[in-house]
Amino acid sequence: MLKAPRGTMDILPKNAARWHFLEDTFKKICYSYGYQEIRTPIIEQTELFQRGVGESTDVIEKEMYSFQDRGGRSISLRPEGTAPVARAYIEHKMYNLPQPVKMYYYGPMFRYDRPQAGRYRQFYQLGVEALGAADPAIDAEVIMLAREFFLEIGLDDLVLQLNSVGCPECRLSYREKLVSFFQQHEQSLCSDCQRRLMQNPLRLLDCKKEKCGFIAQKAPVIKDHLCLSCREHFDSLLHSLDALKVPYELNTQLVRGLDYYTKTAFEFIEGSHKSQNSLGGGGRYDCLVETYGGPATPGIGVALGVERILMALESKNIEEKLPENAGIFVAVAEHSLSNIRWELVYALRRKGFYVDTDFLGHRSLRSQLKTANKKGFPYLIIIGPDEVKRGNITLRNMKSGSQEEVSMEKLSVYLSSLMGERPEEGC
Ligand SMILES: [Zn+2]
Ligand SMILES: [Zn+2]
């Protein structure tokens, strides 16, 4: 039997409402913060991620879905959303627009990672990027936006962790300290870390291997090596968050797994310290646009993991409000009345009602009613020969069981009054 590829899943119709709930909430908040949607391709040139995310990161070394297309180009499924947005910013000369350019995205990302609870190879991210502003106020805004989203969907016990990972300038001296520290422990490091030690020592701080993590805990922290500009930036951000009464924790170990981060780095961690599950995070990337050959442009963004957020909602038993079936099922007593049925079905749909009917051939009225009942329709229209002669149909309220004859002409007005002014959205 064919199955969905390992690490991927189907989002079934019965679960789609939960996804819509997150997407709609996110879009609503982005709207109020002035972020507009950008949709970039799912495939990009492999080089985009190699140069931006960094050659010696896990994402690039182990997790990319890369292939040669039929034209011999190296193409990759996007493993994250920031590099494509930065590429689009340059390609479409968005640096000529009033700055900052504030964008949001939503869609699948791909990483060949070990599948586990809440972690998929095709996973969905909701994210925002603000390009063209260096002021720490925009860092605060991006953090506030993500926080608002979590609060709005009912995750009110997440811990915001913050760090500054510095800029190329202050990292220079920090790098030396880091290399000499890890060199003392070189024999105890995993092979990845040994290899990356000279190339990119910062990566050793977020190695997932236990023995490396243990050593990294004692490593010098960048906070003590920030240059004046980075320290002022970070202090100013903390100041803004204090003023907005946003609680946070400082985590000097937080470096994020991608090379493009500078200065601010943050994550939203699920309350239980046992799991330390990150539901989303982001940071500043002041050198990324320049890396791609664009004008020097500061940027900051956040990406939220939809599957993990859904898991967190589930574990907290937060039931999102699912729309009830607010529809009308149309049944015919005799096959000869079918034409009247179709006319009625399409006319009511045009008025905006959710209307369905039976598509399984000429079935008995009883079978049609059974289907309507199983699908939970609150209203049933029966087209019977006697009523039709009078220009009427029978309208049954499935909950109360009461029914009445209603003229076909006045039907939609009558239904509107029954169901409220506007027909509700169906499920
Ligand atoms: Zn610096
Ligand atoms: Zn390691």
# chains A, B, ... in the order shown; residues from 1 in each chain; ligands from 1

call {"tool": "residues_near_ligand", "arguments": {"ligand": "ligand 1", "cutoff": "10 Å", "atoms": "only C-alpha atoms and all ligand atoms", "output": "list in words"}}
result
Ser164, Val165, Gly166, Cys167, Pro168, Glu169, Cys170, Arg171, Leu172, Ile222, His225, Leu226, Cys227, Leu228, Ser229, Cys230, Arg231, Glu232, His233, Thr262 and Lys263 of chain A

call {"tool": "write_last_selection", "arguments": {"atoms": "C-alpha atoms", "output": "compact mmCIF listing (two decimals), in the first residue's frame"}}
result
# COMPACT_ATOMS: atom_id res chain seq x y z
CA SER A 164 22.29 38.64 21.61
CA VAL A 165 24.63 36.77 19.27
CA GLY A 166 26.58 39.91 18.40
CA CYS A 167 27.77 41.22 15.08
CA PRO A 168 30.77 40.20 12.93
CA GLU A 169 32.86 42.79 14.75
CA CYS A 170 32.35 41.58 18.30
CA ARG A 171 32.28 37.98 17.21
CA LEU A 172 35.88 38.25 16.05
CA ILE A 222 28.99 36.16 23.82
CA HIS A 225 32.09 40.09 24.48
CA LEU A 226 29.51 42.30 22.79
CA CYS A 227 30.76 45.49 21.17
CA LEU A 228 29.29 48.77 22.33
CA SER A 229 26.77 48.98 19.50
CA CYS A 230 25.52 45.42 20.08
CA ARG A 231 25.26 45.94 23.81
CA GLU A 232 23.32 49.18 23.38
CA HIS A 233 21.00 47.52 20.90
CA THR A 262 23.22 38.83 14.31
CA LYS A 263 22.43 40.67 17.53

call {"tool": "residues_near_ligand", "arguments": {"ligand": "ligand 2", "cutoff": "12 Å", "atoms": "only C-alpha atoms and all ligand atoms", "output": "short mmCIF file (atom, residue, chain, number, x, y, z; two decimals) with C-alpha atoms, in the first residue's frame"}}
result
data_model
loop_
_atom_site.label_atom_id
_atom_site.label_comp_id
_atom_site.auth_asym_id
_atom_site.auth_seq_id
_atom_site.Cartn_x
_atom_site.Cartn_y
_atom_site.Cartn_z
CA THR A 57 25.12 24.31 9.66
CA ASP A 58 23.14 21.11 10.18
CA PHE A 182 36.78 24.12 22.87
CA HIS A 185 37.97 19.72 25.24
CA GLU A 186 38.58 18.69 21.65
CA GLN A 187 38.89 14.96 22.38
CA SER A 188 35.47 14.88 24.06
CA LEU A 189 33.60 16.58 21.21
CA CYS A 190 31.57 14.76 18.58
CA SER A 191 33.07 14.44 15.10
CA ASP A 192 30.86 17.23 13.70
CA CYS A 193 32.05 19.62 16.38
CA GLN A 194 35.69 18.65 15.92
CA ARG A 195 35.36 19.39 12.25
CA ARG A 196 33.52 22.68 12.78
CA LEU A 197 35.78 23.93 15.53
CA PRO A 201 33.00 27.55 16.41
CA LEU A 202 29.67 29.27 17.14
CA ARG A 203 27.89 26.18 15.79
CA LEU A 204 29.35 24.12 18.64
CA LEU A 205 27.09 25.98 21.04
CA ASP A 206 23.96 24.40 19.64
CA CYS A 207 25.17 20.87 18.97
CA LYS A 208 22.39 18.48 19.95
CA LYS A 209 24.79 15.79 21.25
CA GLU A 210 24.63 15.51 25.02
CA LYS A 211 28.38 15.41 25.61
CA CYS A 212 28.90 18.54 23.50
CA GLY A 213 26.02 20.32 25.21
CA PHE A 214 27.59 19.56 28.55
CA ILE A 215 30.89 21.13 27.51
CA ALA A 216 29.15 24.08 25.79
#

call {"tool": "select_by_dssp", "arguments": {"residues": "range 139-176 of chain A", "states": "helix (DSSP H, G or I)", "output": "list in words"}}
result
Asp139, Ala140, Glu141, Val142, Ile143, Met144, Leu145, Ala146, Arg147, Glu148, Phe149, Phe150, Leu151, Glu152, Ile153, Pro168, Glu169, Cys170, Arg171, Leu172, Ser173, Tyr174, Arg175 and Glu176 of chain A

call {"tool": "select_by_dssp", "arguments": {"residues": "range 104-151 of chain A", "states": "strand (DSSP E or B)", "output": "PDB file with C-alpha atoms, in the first residue's frame"}}
result
ATOM      1  CA  TYR A 104       4.612  37.787   6.403  1.00  0.00           C
ATOM      2  CA  TYR A 105       4.593  34.323   4.897  1.00  0.00           C
ATOM      3  CA  TYR A 106       2.934  31.027   5.478  1.00  0.00           C
ATOM      4  CA  GLY A 107       3.767  27.687   3.956  1.00  0.00           C
ATOM      5  CA  PRO A 108       5.615  24.387   3.989  1.00  0.00           C
ATOM      6  CA  MET A 109       9.359  24.091   4.620  1.00  0.00           C
ATOM      7  CA  PHE A 110      11.425  20.944   4.143  1.00  0.00           C
ATOM      8  CA  GLN A 116       9.595  12.670  15.928  1.00  0.00           C
ATOM      9  CA  ARG A 119       8.733  17.314  13.947  1.00  0.00           C
ATOM     10  CA  GLN A 122       7.575  18.779   5.521  1.00  0.00           C
ATOM     11  CA  PHE A 123       6.535  21.256   8.179  1.00  0.00           C
ATOM     12  CA  TYR A 124       4.617  24.514   8.119  1.00  0.00           C
ATOM     13  CA  GLN A 125       5.810  27.867   9.298  1.00  0.00           C
ATOM     14  CA  LEU A 126       4.069  31.148   9.926  1.00  0.00           C
ATOM     15  CA  GLY A 127       6.634  33.893   9.760  1.00  0.00           C
ATOM     16  CA  VAL A 128       7.252  37.593   9.438  1.00  0.00           C
ATOM     17  CA  GLU A 129      10.255  39.562   8.200  1.00  0.00           C
ATOM     18  CA  ALA A 130      10.913  43.265   8.599  1.00  0.00           C
ATOM     19  CA  LEU A 131      13.709  44.533   6.372  1.00  0.00           C
TER      20      LEU A 131
END

call {"tool": "residues_around", "arguments": {"residues": "Asp156 in chain A", "least_positions_apart": "5", "cutoff": "12 Å", "atoms": "only C-alpha atoms", "output": "compact mmCIF listing (two decimals) with N, CA and C atoms, in the first residue's frame"}}
result
# COMPACT_ATOMS: atom_id res chain seq x y z
N ALA A 146 4.57 37.99 17.62
CA ALA A 146 4.54 36.55 17.90
C ALA A 146 3.85 36.28 19.24
N ARG A 147 4.15 37.13 20.21
CA ARG A 147 3.56 36.95 21.54
C ARG A 147 2.05 37.11 21.50
N GLU A 148 1.60 38.16 20.81
CA GLU A 148 0.16 38.40 20.63
C GLU A 148 -0.51 37.17 20.03
N PHE A 149 0.14 36.60 19.03
CA PHE A 149 -0.41 35.42 18.36
C PHE A 149 -0.58 34.27 19.35
N PHE A 150 0.46 34.01 20.11
CA PHE A 150 0.39 32.91 21.07
C PHE A 150 -0.71 33.17 22.12
N LEU A 151 -0.80 34.40 22.58
CA LEU A 151 -1.82 34.72 23.58
C LEU A 151 -3.22 34.53 22.99
N VAL A 246 6.50 42.88 29.03
CA VAL A 246 6.65 41.55 28.45
C VAL A 246 7.71 40.80 29.26
N PRO A 247 7.31 39.69 29.90
CA PRO A 247 8.30 38.93 30.66
C PRO A 247 9.24 38.16 29.73
N PHE A 268 10.43 31.19 21.70
CA PHE A 268 9.30 30.98 22.61
C PHE A 268 9.26 29.51 23.00
N ILE A 269 9.48 29.26 24.28
CA ILE A 269 9.63 27.89 24.78
C ILE A 269 8.37 27.51 25.55
N GLU A 270 7.95 26.26 25.36
CA GLU A 270 6.80 25.76 26.08
C GLU A 270 7.13 25.66 27.56
N GLY A 271 6.18 26.07 28.39
CA GLY A 271 6.36 26.19 29.83
C GLY A 271 7.10 25.07 30.53
N ALA A 312 0.93 21.63 21.12
CA ALA A 312 0.85 22.32 22.41
C ALA A 312 -0.61 22.61 22.77
N LEU A 313 -1.38 23.02 21.77
CA LEU A 313 -2.80 23.31 22.02
C LEU A 313 -3.51 22.03 22.45
N LYS A 316 -2.79 20.96 25.95
CA LYS A 316 -3.44 21.83 26.95
C LYS A 316 -4.96 21.71 26.85
N ILE A 318 -6.86 22.75 24.64
CA ILE A 318 -7.52 23.95 24.16
C ILE A 318 -8.25 23.58 22.88

call {"tool": "residues_around", "arguments": {"residues": "Gly132 in chain A", "least_positions_apart": "6", "cutoff": "6 Å", "atoms": "only C-alpha atoms", "output": "number ranges by chain"}}
result
A: 99-100, 297-299

call {"tool": "closest_residue", "arguments": {"among": "A:Leu418, A:Ala86, A:Val302, A:Leu155", "to": "Ala265 in chain A", "atoms": "only C-alpha atoms"}}
result
A:Val302

call {"tool": "residues_around", "arguments": {"residues": "range 366-373 of chain A", "least_positions_apart": "5", "cutoff": "7 Å", "atoms": "only C-alpha atoms", "output": "list in words"}}
result
Phe329, Ala331 and Asp358 of chain A

call {"tool": "write_last_selection", "arguments": {"atoms": "N, CA and C atoms", "output": "PDB file, in the first residue's frame"}}
result
ATOM      1  N   PHE A 329     -29.725  20.651   3.747  1.00  0.00           N
ATOM      2  CA  PHE A 329     -29.663  19.490   2.869  1.00  0.00           C
ATOM      3  C   PHE A 329     -30.967  19.409   2.088  1.00  0.00           C
ATOM      4  N   ALA A 331     -33.445  17.215  -0.152  1.00  0.00           N
ATOM      5  CA  ALA A 331     -33.806  15.839  -0.519  1.00  0.00           C
ATOM      6  C   ALA A 331     -35.003  15.856  -1.457  1.00  0.00           C
ATOM      7  N   ASP A 358     -27.961  14.940  -2.325  1.00  0.00           N
ATOM      8  CA  ASP A 358     -27.510  13.567  -2.482  1.00  0.00           C
ATOM      9  C   ASP A 358     -26.961  13.326  -3.896  1.00  0.00           C
TER      10      ASP A 358
END

call {"tool": "atom_distance", "arguments": {"atom1": "CA of Leu337 in chain A", "atom2": "CA of Leu365 in chain A"}}
result
12.2 Å

call {"tool": "residues_around", "arguments": {"residues": "Tyr354 in chain A", "least_positions_apart": "2", "cutoff": "7 Å", "atoms": "only C-alpha atoms", "output": "PyMOL selection string"}}
result
chain A and resi 327-328+349+352+356+426

call {"tool": "residues_around", "arguments": {"residues": "range 290-295 of chain A", "least_positions_apart": "4", "cutoff": "12 Å", "atoms": "only C-alpha atoms", "output": "list in words"}}
result
Glu47, Leu48, Phe49, Gln50, Arg51, Gly52, Val53, Gly54, Ala83, Pro84, Val85, Ala86, Arg87, Ala88, Tyr89, Ile90, Glu91, His92, Lys93, Met94, Tyr95, Asn96, Leu131, Gly132, Asp259, Tyr260, Tyr285, Asp286 and Gly299 of chain A

call {"tool": "write_last_selection", "arguments": {"atoms": "C-alpha atoms", "output": "mmCIF file, in the first residue's frame"}}
result
data_model
loop_
_atom_site.group_PDB
_atom_site.id
_atom_site.type_symbol
_atom_site.label_atom_id
_atom_site.label_comp_id
_atom_site.auth_asym_id
_atom_site.auth_seq_id
_atom_site.Cartn_x
_atom_site.Cartn_y
_atom_site.Cartn_z
ATOM 1 C CA GLU A 47 23.222 28.401 -3.456
ATOM 2 C CA LEU A 48 20.721 30.733 -1.798
ATOM 3 C CA PHE A 49 20.651 28.616 1.332
ATOM 4 C CA GLN A 50 24.331 27.660 1.234
ATOM 5 C CA ARG A 51 25.353 31.307 1.269
ATOM 6 C CA GLY A 52 22.683 32.563 3.667
ATOM 7 C CA VAL A 53 22.044 29.782 6.161
ATOM 8 C CA GLY A 54 25.706 28.765 6.172
ATOM 9 C CA ALA A 83 16.573 33.545 2.790
ATOM 10 C CA PRO A 84 13.875 33.479 0.055
ATOM 11 C CA VAL A 85 12.328 36.693 1.401
ATOM 12 C CA ALA A 86 15.749 38.390 1.467
ATOM 13 C CA ARG A 87 16.319 37.219 -2.111
ATOM 14 C CA ALA A 88 12.958 38.613 -3.207
ATOM 15 C CA TYR A 89 13.687 41.891 -1.403
ATOM 16 C CA ILE A 90 16.792 42.378 -3.555
ATOM 17 C CA GLU A 91 15.382 40.935 -6.774
ATOM 18 C CA HIS A 92 12.383 43.286 -6.666
ATOM 19 C CA LYS A 93 14.405 46.268 -5.409
ATOM 20 C CA MET A 94 12.215 46.599 -2.356
ATOM 21 C CA TYR A 95 15.006 48.709 -0.834
ATOM 22 C CA ASN A 96 13.546 51.525 -2.954
ATOM 23 C CA LEU A 131 13.709 44.533 6.372
ATOM 24 C CA GLY A 132 15.315 47.940 6.385
ATOM 25 C CA ASP A 259 24.546 31.424 10.456
ATOM 26 C CA TYR A 260 22.800 34.592 9.353
ATOM 27 C CA TYR A 285 20.049 39.208 10.315
ATOM 28 C CA ASP A 286 21.771 42.485 9.562
ATOM 29 C CA GLY A 299 16.469 42.778 9.026
#

call {"tool": "closest_residue", "arguments": {"among": "A:Lys351, A:Phe377, A:Pro385, A:Met103", "to": "Ser412 in chain A", "atoms": "only C-alpha atoms"}}
result
A:Lys351

call {"tool": "closest_residue", "arguments": {"among": "A:Ser180, A:Asn15, A:Thr8, A:Ser417", "to": "Leu310 in chain A", "atoms": "only C-alpha atoms"}}
result
A:Asn15
